[in-house]
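S.K.: The structure under discussion is supplied below as structure tokens; questions concerning it will follow.
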Amino acid sequence: MARKRQNQSIRNDFFEDIQSALGYPPDLVCRSLFVREEQAVHCVYLESMVDKKTIDDYILKSFTEHTFAEGEAPRSAGSGFLREVSFSDPYEELREHAVKSLLAGHCVLADFARERVCLINVTEPRQRSIDEPKSESTIRGPHEGFTESILTNVGLVRKRIRNPFLRFEKMSVGSQTGTTLLMVYMENLAPDSLVREVRGRLSAIRTDSVLESAYVEEFIQDRIWSPFPTLTNTERPDVVAAQLLDGKVAVMVDGTPSVLLAPMTFFEFFSSPEDYYQRADIATFIRWIRLISFFTAVFVPSLYVAATTFHQELIPTQLLISLSAQREGVPLPAFFEVLLMEVVFEIIREAGLRMPRAVGQALSIVGAIVLGQAAVEAGLISAAIVIVVAITGITNFVVPVYSFGMSQRLLRFSFVLLAGFMGLFGILCGALFLVAHLVSLKSFGVPYMIPASPSKGADWKDVLVRLPRPWLDPNRLPGYIRNLKRKR
Amino acid sequence: MTYRYAAGVFILMMFTALLTACWDKTEMNELALVSMVGVDIDPDSGKKTVYYQIINPLSGTSARGTPGGEQAPVYTYEISGSSFGEIKSTIYKMLPRKLFIAHSKVLLVSQRAAGQGIRDIVNFIEMQPNGRSSVPMLIVDGSISQVMKTFTPLERVPSDAIDSRLKLLIRNSLLAGKHIKVNDVIERMEKSDTIVLPMIAATSENPSSNSGETAADIDANQNNFIIGGGAVFRDYRMVGKLNDAQLVWYHLLNGDEGRHVRRFQVEGKQVSMELRLVRMQRDVFRQSDQPSVRIRLDLQLSATWANEFVPRSRAEVKRLEGNLNRIIENESLAFYQMTRERGWDLLRIRDLLRKQMPNHPDIDQAAKNAKVTIEVATRLLRTGSMNQPYEGTG
Amino acid sequence: MISRFQFYLLTINYILGTTLFVLIQRLVKQGGQNAWFMPYWAGGFGVLVGLFWILLFRHYPGRSLVQIPLDAWGRPLGTFVSVLYFLYFCNLAGWVLRNLSDFMNGTIMPETPKSVFHVMFLLVACYTVAQGAEAVGRLNQIITPFLFFPFWLVLLLATVNWDWERLQPVFHSDLGAILQYHSFLGFPYMETIALTMLFPLVKQGAGRPFLLGLWTASVSLSMTLFMIIGLLGVERASRLTFPVYTVVQEVSIGEVIVNIHAIISVILLILIFIKLLVLVYGASETLRQVFRPQTRWPHFLALTILLSAMALSIYENPIQNGEWDEKYTFIYDSFFVLLIPFLLLVTTWIKRTFGKRTKRRMS
């Protein structure tokens with residue numbers, strides 16, 4: 001009797017409490033099934049998070065078909081699809097549990113008569129279909145990209161590496177958002193020290209919200225004040241699979257298709273997955289082009305400024321005469337011209353990102369060609385500047401990783417400033433400072449400038465040259481991973 | 001913490017001191033691009049006059065179209081002073097832009113300045129941090145002022161005209177050699193050697209000072225200058241001249257490899273053959289305490305330009321070669337005798353003896369008394385498109 | 001920790017540092033056509049002195065140059081000697097900076113005040129040193145190819161004007177003059193004592209890369225002198241202040257790219273930077289090892305200010321510098337480089353034998 005009354009009150013309170021805890025959301029559905037006389041089985045779920053088909057088909061049908069009612073309710077040991085929570089737990093805990101599971105997309109099945117509450121995992125949040133990532137497209141190779149659902153992403157990686165050693169470790173970060181994090185690695189390939197380091201850094205994250213992998217990246221990176229990223233991110237599962245097979249660790253964050261990869265070195269930013277889908281000699285050539293474009297994007301405007309304002313003897317005579325002729329009547333000194341045009345280019349680029357597609361094409365042509373040409377003819381800038389800025393802008397985007405392109409831009413501006421004040425000497429000091437900075441960076445214990453700086457011959461294999469597959473040792477891991485494994 | 005802030009502010013203030021590096025900055029159109037420099041020294045007053053020929057950048061076309069009117073491609077500024085260093089300060093009484101010597105191509109020295117000695121000029125050039133001593137130096141036969149104010153047809157900038165002419169002469173004749181730069185002058189003079197520099201003269205009495213007229217005139221010889229002859233220098237002073245024929249022997253005996261065509265009189269016939277030096281060997285022998293020098297020249301002949309006569313058989317070729325050997329030996333020996341009489345060591349015998357016999361007590365005397373023999377071996381290696389010239393019917 | 005190869009490269013670049021700028025003219029003046037032989041003789045002496053230091057360091061494994069007096073002579077006297085070394089390094093660094101600004105002011109940037117060059121290089125050097133010795137070694141390793149290839153490429157391009165006759169007659173002039181030129185022994189060979197501050201940090205022993213580096217630097221210097229004499233001739237090279245700069249000025253690639261001397265001079269400045277880097281490392285490490293401060297950035301700031309002031313006042317004009325160099329360098333350097341290590345070695349031997357005797361008596 002007391003039990004029944006208790007049940008009754010619990011039942012009323014239970015659902016009332018859940019509803020008020022969630023703030024009476026419009027998508028909370030509460031269905032009751034009368035299985036036995038007067039004994040209802042209640043089913044509560046958040047409509048926007050669940051797969052209603054499963055609920056209807058499996059759960060409720062089995063009730064109406066008396067499978068539940070007949071014998072015992074299916075018992076389950078452990079979490080997963082069906083989890084039982086006992087009534088003997090304190091009420092607050094029960095309610096907490098129920099609310100959490102509801103928010104995670106579970107269905108709460110409460111049978112007060114038999115004193116059991118089951119939590120059934122029927123999560124299926126609405127998500128995008130699998131599509132090629134727009135910023136990392138290749139000509140040849142798979143065109144699948146990660147989506148915002150972490151389960152889908154796990155599936156995309158698993159189907160490429162069908163190996164029991166592929167490990168996924170789950171963590172939850174963000175006190176307000178409760179985002180799921182997965183640390184992925186190959187246990188037989190990734191060094192223990194690396195895995196430990198990543199795990200330690202991830203568990204040390206104390207923040208309120210994690211909406212994107214960039215948030216996580218900012219917490220686990222080695223150095224905050226550096227223009228160079230020490231982790232890379234990608235939206236392609238084939239890249240992640242390849243890097244995992246190289247012994248690296250990936251971090252997947254629920255709610256974003258960008259997956260982080262650690263550790264990264266400077267020269268690995270110049271390799272794109274497409275290198276491995278093309279022939280070896282072509283891939284080597286393209287890699288060299290990328291390295292050259294890095295230097296071009298960073299140094300060309302500053303070299304131009306230095307040559308035209310400090311060291312005019314460097315310029316061949318004919319070119320010097322025609323440049324002089326172009327500059328007659330131009331109001332700004334070369335240094336300010338370059339800065340102005342660089343800023344204008346950045347503005348055009350940013351505007352191009354946000355422009356509606358209908359207007360985008362026309363405006364880019366206007367911006368790039370007409371503005372440049374018209375400005376030259378009006379005598380505001382000289383023609384050579386337009387070429388310099390155009391070359392720089394284009395070579396900026398050759399690097400496969402977008403965040404690295406941002407670093408180039410920052411560097412370019414600082415070099416132009418240095419060149420404008422001190423000419424080639426300033427560029428030299430800036431370059432030395434840059435090299436000193438790069439050389440002291442570490443990415444999860446790996447020196448950033450490997451294999452240039454602590455160097456062993458064999459490590460150069462995959463950096464400047466892309467050797468054909470048959471020549472590569474089948475069990476080879478990058479040199480620094482081997483070093484880490486040796487260090488343990 | 002306050003220490004950090006204070007140090008940070010202090011460092012930022014110090015950074016402004018770093019901005020002073022831009023004192024070296026010059027905009028490109030603040031520069032006066034010098035293409036040719038001319039030097040003259042007045043023997044009576046010792047006054048030094050320098051002519052700078054500045055390129056006018058607006059004389060070409062640019063993205064904004066040609067500027068209105070015909071612009072002169074170069075402007076010549078003339079400035080005087082009592083020493084070359086002083087001119088650096090006084091030039092800005094006339095010149096509106098900063099002097100920029102780094103792209104100058106030619107240095108002209110007047111004959112009277114060369115007669116007084118060019119050591120000051122050479123020292124001045126070498127002492128400048130951005131002075132270029134790898135420019136050729138030419139001596140002006142006549143008025144330097146006139147040459148500096150001459151426009152040339154076809155090449156708008158006169159120094160380009162001189163530069164390309166020298167290159168073509170070096171390659172296609174023996175009238176100019178490679179060692180005519182200021183640093184060659186320094187080297188040879190410091191070793192008490194001799195050097196021959198090319199000479200340049202204006203072709204007409206009154207050249208036009210309007211570039212439009214020059215550019216529109218069909219007669220290219222009218223407003224122009226001509227390179228010819230050589231000035232002999234010893235101890236930084238000009239001591240004599242060589243004419244074109246002597247210049248050829250000078251360059252040949254000094255190892256220059258231009259392809260020179262000359263008409264020879266062989267067995268009563270005239271034949272124009274092209275000579276090219278393949279190898280020159282100079283050996284020193286001691287003969288009873290008197291050194292003797294044997295110079296052996298190996299020449300390659302080409303009959304491409306021999307429109308008068310082409311040998312028909314091996315015997316004729318051998319005869320032709322033998323004759324030419326003799327002619328060249330005789331003429332070059334005559335050239336050597338002429339130089340010895342005038343006291344010019346143009347074959348650089350003294351330098352050779354100094355290197356081969358460094359322990360000789362009196363090199364100068366030995367050089368004067370050295371017996372020189374010249375052996376020439378020619379070989380006909382090339383012929384032209386025809387192997388027999390047209391002869392006509394009667 | 002620095003690897004042996006990195007230390008080897010560091011030694012070479014340190015020795016070649018300001019030598020290529022300052023000494024070439026004086027060496028050619030002294031040695032004439034045989035100046036290319038002088039680095040071998042001086043290098044041999046440098047190797048001997050290096051062996052002497054290595055002997056001293058054997059007795060104190062894992063200790064750097066300024067920690068040895070602390071160990072051998074106790075705290076007060078050892079601190080005094082360490083401070084002497086600190087001042088010596090500061091002096092050398094001031095010299096290096098002044099050579100740099102003389103070169104820059106004399107050639108490509110005449111109007112800029114000298115302090116700008118000093119402070120810029122010091123800032124970068126202090127940043128690198130603050131990152132640790134690894135940064136120093138790795139920076140050098142990465143930068144060396146950018147230094148080596150352009151320099152030799154340009155010298156090879158200049159061989160268009162090569163003339164074997166400039167080198168003749170060989171070995172004819174007075175060899176004694178070569179051997180009497182003792183200031184070449186002081187600068188740069190005896191100044192390599194600054195590299196001994198890095199000895200304990202080299203993996204698997206610093207002795208061999210150090211000696212190999214000395215020898216390679218001598219060969220390199222000799223080849224450079226050989227090229228300079230062959231390209232310029234003795235008469236010009238012995239009078240020009242910066243023969244390397246003049247050689248580079250006269251190089252032209254094709255006929256279009258002329259006047260590349262600005263780029264090449266700036267690349268050669270890297271050598272000066274490496275020398276400065278090692279000296280700044282020596283000075284700051286001395287402070288750190290002797291006084292063990294908690295925060296280091298005030299030291300770097302103070303070092304920057306001190307060294308830039310020292311660079312401005314170290315000599316008034318290059319003529320003064322030349323005279324001091326010829327007369328006093330050897331004596332000045334041998335005080336720090338030969339005398340003090342010799343006294344340290346003697347003390348160590350005495351202690352050893354005394355200690356052994358005491359042990360024998362006690363046992």
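Numbering starts fresh at 1 for the residues of each chain in the structure tokens, the chains themselves are lettered A, B, ... in the order given, and ligands are numbered from 1 as they appear.
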Kindly assemble as JSON lines a list of the chain A residues that lie within 12 Å of chain C, each paired with its nearest atom pair and their distance in Å to one decimal, using only C-alpha atoms, sorted first by chain and then by ascending residue number.
M.R.:
{"residue": "A:Leu303", "atom": "CA", "partner": "C:Ile263", "partner_atom": "CA", "distance": 10.3}
{"residue": "A:Ala306", "atom": "CA", "partner": "C:Ala262", "partner_atom": "CA", "distance": 10.5}
{"residue": "A:Ala307", "atom": "CA", "partner": "C:Ala262", "partner_atom": "CA", "distance": 9.4}
{"residue": "A:Thr309", "atom": "CA", "partner": "C:Met109", "partner_atom": "CA", "distance": 11.6}
{"residue": "A:Phe310", "atom": "CA", "partner": "C:Met109", "partner_atom": "CA", "distance": 8.0}
{"residue": "A:His311", "atom": "CA", "partner": "C:Ala262", "partner_atom": "CA", "distance": 6.9}
{"residue": "A:Gln312", "atom": "CA", "partner": "C:Asn259", "partner_atom": "CA", "distance": 9.4}
{"residue": "A:Glu313", "atom": "CA", "partner": "C:Asn259", "partner_atom": "CA", "distance": 5.9}
{"residue": "A:Leu314", "atom": "CA", "partner": "C:Asn259", "partner_atom": "CA", "distance": 5.5}
{"residue": "A:Ile315", "atom": "CA", "partner": "C:Ile257", "partner_atom": "CA", "distance": 7.5}
{"residue": "A:Pro316", "atom": "CA", "partner": "C:Ile257", "partner_atom": "CA", "distance": 5.8}
{"residue": "A:Thr317", "atom": "CA", "partner": "C:Val256", "partner_atom": "CA", "distance": 8.0}
{"residue": "A:Gln318", "atom": "CA", "partner": "C:Val256", "partner_atom": "CA", "distance": 8.9}
{"residue": "A:Leu319", "atom": "CA", "partner": "C:Val256", "partner_atom": "CA", "distance": 9.9}
{"residue": "A:Leu320", "atom": "CA", "partner": "C:Val256", "partner_atom": "CA", "distance": 11.6}
{"residue": "A:Leu418", "atom": "CA", "partner": "C:Met120", "partner_atom": "CA", "distance": 10.8}
{"residue": "A:Phe421", "atom": "CA", "partner": "C:Thr112", "partner_atom": "CA", "distance": 10.4}
{"residue": "A:Met422", "atom": "CA", "partner": "C:Thr112", "partner_atom": "CA", "distance": 8.9}
{"residue": "A:Gly423", "atom": "CA", "partner": "C:Met109", "partner_atom": "CA", "distance": 9.0}
{"residue": "A:Leu424", "atom": "CA", "partner": "C:Val266", "partner_atom": "CA", "distance": 6.8}
{"residue": "A:Phe425", "atom": "CA", "partner": "C:Val266", "partner_atom": "CA", "distance": 6.3}
{"residue": "A:Gly426", "atom": "CA", "partner": "C:Met120", "partner_atom": "CA", "distance": 8.3}
{"residue": "A:Ile427", "atom": "CA", "partner": "C:Val266", "partner_atom": "CA", "distance": 9.3}
{"residue": "A:Leu428", "atom": "CA", "partner": "C:Val266", "partner_atom": "CA", "distance": 7.0}
{"residue": "A:Cys429", "atom": "CA", "partner": "C:Phe121", "partner_atom": "CA", "distance": 6.8}
{"residue": "A:Gly430", "atom": "CA", "partner": "C:Val124", "partner_atom": "CA", "distance": 8.3}
{"residue": "A:Ala431", "atom": "CA", "partner": "C:Val124", "partner_atom": "CA", "distance": 9.8}
{"residue": "A:Leu432", "atom": "CA", "partner": "C:Val124", "partner_atom": "CA", "distance": 7.1}
{"residue": "A:Phe433", "atom": "CA", "partner": "C:Val124", "partner_atom": "CA", "distance": 5.6}
{"residue": "A:Leu434", "atom": "CA", "partner": "C:Val124", "partner_atom": "CA", "distance": 9.3}
{"residue": "A:Val435", "atom": "CA", "partner": "C:Leu139", "partner_atom": "CA", "distance": 6.3}
{"residue": "A:Ala436", "atom": "CA", "partner": "C:Thr128", "partner_atom": "CA", "distance": 5.6}
{"residue": "A:His437", "atom": "CA", "partner": "C:Thr128", "partner_atom": "CA", "distance": 7.6}
{"residue": "A:Leu438", "atom": "CA", "partner": "C:Leu139", "partner_atom": "CA", "distance": 8.8}
{"residue": "A:Val439", "atom": "CA", "partner": "C:Ala135", "partner_atom": "CA", "distance": 5.8}
{"residue": "A:Ser440", "atom": "CA", "partner": "C:Ala135", "partner_atom": "CA", "distance": 5.5}
{"residue": "A:Leu441", "atom": "CA", "partner": "C:Ala135", "partner_atom": "CA", "distance": 9.2}
{"residue": "A:Lys442", "atom": "CA", "partner": "C:Ala135", "partner_atom": "CA", "distance": 11.2}
{"residue": "A:Pro447", "atom": "CA", "partner": "C:Arg138", "partner_atom": "CA", "distance": 10.1}
{"residue": "A:Tyr448", "atom": "CA", "partner": "C:Arg138", "partner_atom": "CA", "distance": 10.9}
{"residue": "A:Met449", "atom": "CA", "partner": "C:Arg138", "partner_atom": "CA", "distance": 8.8}
{"residue": "A:Ile450", "atom": "CA", "partner": "C:Arg138", "partner_atom": "CA", "distance": 10.0}
{"residue": "A:Pro451", "atom": "CA", "partner": "C:Ile142", "partner_atom": "CA", "distance": 10.1}
{"residue": "A:Ala452", "atom": "CA", "partner": "C:Ile142", "partner_atom": "CA", "distance": 6.4}
{"residue": "A:Ser453", "atom": "CA", "partner": "C:Arg138", "partner_atom": "CA", "distance": 5.2}
{"residue": "A:Pro454", "atom": "CA", "partner": "C:Arg138", "partner_atom": "CA", "distance": 6.7}
{"residue": "A:Ser455", "atom": "CA", "partner": "C:Gln141", "partner_atom": "CA", "distance": 9.0}
{"residue": "A:Lys456", "atom": "CA", "partner": "C:Phe5", "partner_atom": "CA", "distance": 10.4}
S.K.: Include N, CA and C atoms and write out the residues we just selected as a CSV table (one decimal), in the first residue's frame.
M.R.:
chain,number,residue,atom,x,y,z
A,303,LEU,N,60.6,41.9,-50.3
A,303,LEU,CA,61.7,42.0,-51.2
A,303,LEU,C,61.5,43.1,-52.2
A,306,ALA,N,62.0,46.4,-50.3
A,306,ALA,CA,63.5,46.6,-50.0
A,306,ALA,C,64.2,46.9,-51.2
A,307,ALA,N,63.9,46.2,-52.3
A,307,ALA,CA,64.7,46.5,-53.6
A,307,ALA,C,64.4,47.9,-54.1
A,309,THR,N,63.2,50.6,-52.5
A,309,THR,CA,63.5,51.8,-51.7
A,309,THR,C,64.9,51.9,-51.1
A,310,PHE,N,65.5,50.7,-50.9
A,310,PHE,CA,66.9,50.8,-50.3
A,310,PHE,C,68.0,50.3,-51.2
A,311,HIS,N,67.7,49.3,-52.0
A,311,HIS,CA,68.8,48.7,-52.8
A,311,HIS,C,68.4,48.7,-54.3
A,312,GLN,N,68.3,49.9,-54.8
A,312,GLN,CA,67.9,50.0,-56.2
A,312,GLN,C,68.9,49.4,-57.2
A,313,GLU,N,70.2,49.2,-56.7
A,313,GLU,CA,71.1,48.7,-57.6
A,313,GLU,C,70.9,47.2,-58.0
A,314,LEU,N,70.0,46.5,-57.2
A,314,LEU,CA,69.7,45.2,-57.4
A,314,LEU,C,68.9,45.0,-58.7
A,315,ILE,N,68.1,46.0,-59.0
A,315,ILE,CA,67.1,45.9,-60.1
A,315,ILE,C,67.9,46.1,-61.4
A,316,PRO,N,67.7,45.2,-62.4
A,316,PRO,CA,68.4,45.5,-63.7
A,316,PRO,C,68.0,46.8,-64.3
A,317,THR,N,68.9,47.4,-65.0
A,317,THR,CA,68.8,48.8,-65.5
A,317,THR,C,67.5,49.0,-66.2
A,318,GLN,N,67.2,48.2,-67.2
A,318,GLN,CA,65.9,48.4,-67.9
A,318,GLN,C,64.7,48.5,-67.1
A,319,LEU,N,64.7,47.5,-66.1
A,319,LEU,CA,63.5,47.4,-65.3
A,319,LEU,C,63.5,48.6,-64.4
A,320,LEU,N,64.6,49.1,-63.9
A,320,LEU,CA,64.7,50.2,-63.1
A,320,LEU,C,64.2,51.5,-63.8
A,418,LEU,N,59.2,45.4,-41.7
A,418,LEU,CA,60.6,45.4,-41.4
A,418,LEU,C,61.4,45.9,-42.7
A,421,PHE,N,61.4,49.7,-43.2
A,421,PHE,CA,62.2,50.5,-42.4
A,421,PHE,C,63.7,50.2,-42.5
A,422,MET,N,64.0,48.9,-42.8
A,422,MET,CA,65.4,48.6,-42.7
A,422,MET,C,65.9,47.9,-44.0
A,423,GLY,N,65.1,47.7,-45.0
A,423,GLY,CA,65.6,47.1,-46.2
A,423,GLY,C,65.9,45.6,-46.0
A,424,LEU,N,66.9,45.2,-46.7
A,424,LEU,CA,67.3,43.8,-46.7
A,424,LEU,C,67.8,43.4,-45.3
A,425,PHE,N,68.4,44.3,-44.6
A,425,PHE,CA,68.9,44.0,-43.2
A,425,PHE,C,67.7,43.7,-42.3
A,426,GLY,N,66.6,44.4,-42.5
A,426,GLY,CA,65.4,44.1,-41.7
A,426,GLY,C,64.8,42.8,-42.1
A,427,ILE,N,64.8,42.4,-43.4
A,427,ILE,CA,64.3,41.1,-43.8
A,427,ILE,C,65.2,40.0,-43.1
A,428,LEU,N,66.5,40.3,-43.1
A,428,LEU,CA,67.4,39.3,-42.6
A,428,LEU,C,67.1,39.1,-41.1
A,429,CYS,N,67.0,40.2,-40.3
A,429,CYS,CA,66.7,40.0,-38.9
A,429,CYS,C,65.4,39.3,-38.7
A,430,GLY,N,64.4,39.7,-39.5
A,430,GLY,CA,63.1,39.0,-39.4
A,430,GLY,C,63.2,37.5,-39.7
A,431,ALA,N,63.9,37.2,-40.7
A,431,ALA,CA,64.1,35.8,-41.1
A,431,ALA,C,64.8,35.0,-40.0
A,432,LEU,N,65.8,35.6,-39.4
A,432,LEU,CA,66.5,34.9,-38.3
A,432,LEU,C,65.6,34.7,-37.1
A,433,PHE,N,64.8,35.8,-36.8
A,433,PHE,CA,63.9,35.7,-35.7
A,433,PHE,C,62.9,34.6,-35.9
A,434,LEU,N,62.4,34.5,-37.2
A,434,LEU,CA,61.4,33.5,-37.6
A,434,LEU,C,62.0,32.1,-37.4
A,435,VAL,N,63.2,31.9,-37.9
A,435,VAL,CA,63.8,30.6,-37.8
A,435,VAL,C,64.1,30.2,-36.3
A,436,ALA,N,64.5,31.2,-35.5
A,436,ALA,CA,64.7,30.9,-34.1
A,436,ALA,C,63.4,30.5,-33.5
A,437,HIS,N,62.3,31.2,-33.8
A,437,HIS,CA,61.0,30.8,-33.3
A,437,HIS,C,60.6,29.4,-33.7
A,438,LEU,N,60.7,29.2,-35.0
A,438,LEU,CA,60.3,27.8,-35.5
A,438,LEU,C,61.1,26.7,-34.8
A,439,VAL,N,62.4,27.0,-34.6
A,439,VAL,CA,63.2,26.0,-34.2
A,439,VAL,C,63.0,25.6,-32.7
A,440,SER,N,62.4,26.6,-32.0
A,440,SER,CA,62.1,26.3,-30.6
A,440,SER,C,60.7,25.8,-30.3
A,441,LEU,N,59.9,25.7,-31.4
A,441,LEU,CA,58.6,25.2,-31.2
A,441,LEU,C,58.6,23.7,-31.1
A,442,LYS,N,57.7,23.2,-30.3
A,442,LYS,CA,57.6,21.7,-30.2
A,442,LYS,C,56.1,21.4,-30.3
A,447,PRO,N,60.2,18.1,-32.1
A,447,PRO,CA,60.6,19.4,-32.6
A,447,PRO,C,60.0,19.8,-33.9
A,448,TYR,N,59.6,21.0,-34.0
A,448,TYR,CA,58.8,21.4,-35.1
A,448,TYR,C,59.5,21.4,-36.5
A,449,MET,N,60.8,21.6,-36.5
A,449,MET,CA,61.5,21.7,-37.7
A,449,MET,C,62.1,20.4,-38.1
A,450,ILE,N,61.7,19.3,-37.6
A,450,ILE,CA,62.2,18.0,-38.0
A,450,ILE,C,61.8,17.8,-39.5
A,451,PRO,N,62.5,17.3,-40.4
A,451,PRO,CA,63.8,16.8,-40.3
A,451,PRO,C,64.9,17.8,-40.6
A,452,ALA,N,64.6,19.0,-40.7
A,452,ALA,CA,65.6,20.0,-41.1
A,452,ALA,C,66.6,20.2,-39.9
A,453,SER,N,66.0,20.2,-38.7
A,453,SER,CA,66.8,20.7,-37.6
A,453,SER,C,67.5,19.6,-36.8
A,454,PRO,N,66.9,18.8,-35.9
A,454,PRO,CA,67.7,17.7,-35.5
A,454,PRO,C,67.5,16.7,-36.7
A,455,SER,N,68.6,16.5,-37.4
A,455,SER,CA,68.3,15.8,-38.7
A,455,SER,C,69.1,14.5,-38.8
A,456,LYS,N,68.4,13.5,-39.4
A,456,LYS,CA,69.1,12.3,-39.8
A,456,LYS,C,68.7,12.1,-41.2
S.K.: When DSSP works through the backbone of this structure, what residues of segment 71-147 of chain B end up as alpha helix (DSSP H), shown as a list in words?
M.R.: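 Taking segment 71-147 of chain B and keeping alpha helix (DSSP H) only, one gets Phe84, Gly85, Glu86, Ile87, Lys88, Ser89, Thr90, Gln111, Arg112, Ala113, Ala114, Gly115, Gln116, Arg119, Asp120, Ile121, Val122, Asn123, Phe124, Ile125, Glu126, Met127, Ile144, Ser145, Gln146 and Val147 of chain B.
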S.K.: Return as a Markdown table the residues of segment 191-259 of chain B lying at most 12 Å from segment 167-171 of chain B, together with the closest atom-to-atom pair for each and the distance in Å to one decimal, counting only C-alpha atoms, with rows in chain order and ascending residue number.
M.R.:
| residue | atom | partner | partner_atom | distance |
| --- | --- | --- | --- | --- |
| B:Pro198 | CA | B:Leu169 | CA | 10.8 |
| B:Ile226 | CA | B:Leu169 | CA | 11.8 |
| B:Ile227 | CA | B:Leu169 | CA | 9.4 |
| B:Gly228 | CA | B:Leu169 | CA | 10.1 |
| B:Val248 | CA | B:Ile170 | CA | 11.2 |
| B:His251 | CA | B:Ile170 | CA | 9.9 |
| B:Leu252 | CA | B:Ile170 | CA | 11.7 |
| B:Asp256 | CA | B:Ile170 | CA | 8.3 |
| B:Glu257 | CA | B:Arg171 | CA | 7.5 |
| B:Gly258 | CA | B:Arg171 | CA | 4.7 |
| B:Arg259 | CA | B:Arg171 | CA | 6.4 |
S.K.: Taking N, CA and C atoms for each residue, export the selection above as a PDB file, in the first residue's frame.
M.R.:
ATOM      1  N   PRO B 198      90.663  51.737 -75.447  1.00  0.00           N
ATOM      2  CA  PRO B 198      90.105  52.208 -76.715  1.00  0.00           C
ATOM      3  C   PRO B 198      89.825  53.707 -76.686  1.00  0.00           C
ATOM      4  N   ILE B 226      82.534  57.429 -82.894  1.00  0.00           N
ATOM      5  CA  ILE B 226      83.148  56.223 -83.452  1.00  0.00           C
ATOM      6  C   ILE B 226      84.256  55.779 -82.507  1.00  0.00           C
ATOM      7  N   ILE B 227      84.335  54.469 -82.370  1.00  0.00           N
ATOM      8  CA  ILE B 227      85.365  53.902 -81.499  1.00  0.00           C
ATOM      9  C   ILE B 227      86.496  53.417 -82.378  1.00  0.00           C
ATOM     10  N   GLY B 228      87.683  53.884 -82.138  1.00  0.00           N
ATOM     11  CA  GLY B 228      88.787  53.424 -82.961  1.00  0.00           C
ATOM     12  C   GLY B 228      90.098  53.920 -82.395  1.00  0.00           C
ATOM     13  N   VAL B 248      95.407  45.750 -83.832  1.00  0.00           N
ATOM     14  CA  VAL B 248      95.150  44.340 -84.124  1.00  0.00           C
ATOM     15  C   VAL B 248      96.303  43.494 -83.624  1.00  0.00           C
ATOM     16  N   HIS B 251      96.401  43.264 -79.751  1.00  0.00           N
ATOM     17  CA  HIS B 251      95.453  42.330 -79.141  1.00  0.00           C
ATOM     18  C   HIS B 251      95.788  40.894 -79.465  1.00  0.00           C
ATOM     19  N   LEU B 252      96.284  40.669 -80.676  1.00  0.00           N
ATOM     20  CA  LEU B 252      96.610  39.294 -81.039  1.00  0.00           C
ATOM     21  C   LEU B 252      97.738  38.778 -80.156  1.00  0.00           C
ATOM     22  N   ASP B 256      93.978  37.917 -77.157  1.00  0.00           N
ATOM     23  CA  ASP B 256      92.532  38.115 -77.313  1.00  0.00           C
ATOM     24  C   ASP B 256      92.007  37.281 -78.473  1.00  0.00           C
ATOM     25  N   GLU B 257      90.772  36.856 -78.330  1.00  0.00           N
ATOM     26  CA  GLU B 257      90.266  35.846 -79.260  1.00  0.00           C
ATOM     27  C   GLU B 257      89.194  36.350 -80.188  1.00  0.00           C
ATOM     28  N   GLY B 258      89.223  37.613 -80.559  1.00  0.00           N
ATOM     29  CA  GLY B 258      88.206  38.080 -81.487  1.00  0.00           C
ATOM     30  C   GLY B 258      88.451  37.525 -82.878  1.00  0.00           C
ATOM     31  N   ARG B 259      87.388  37.458 -83.693  1.00  0.00           N
ATOM     32  CA  ARG B 259      87.529  36.964 -85.063  1.00  0.00           C
ATOM     33  C   ARG B 259      87.746  38.156 -85.979  1.00  0.00           C
TER      34      ARG B 259
END
S.K.: Write out as a count of residues only every residue belonging to chain B that has an atom at most 10 Å from any atom of chain A, counting only C-alpha atoms.
M.R.: 33
S.K.: Which one is closest to chain B: C:Ser238, C:Gln320, C:Thr353, C:Ser183? Count only C-alpha atoms.
M.R.: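 Closest residue, counting only C-alpha atoms: C:Ser238.
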S.K.: Would you mind listing, as a PyMOL selection string, all residues of chain B that have at least one atom within 10 Å of chain C, where only C-alpha atoms are what counts?
M.R.: chain B and resi 3-4+7+11+14-15+17-25+102-103+126-135+179+183-184+186-191+351-352+354-359
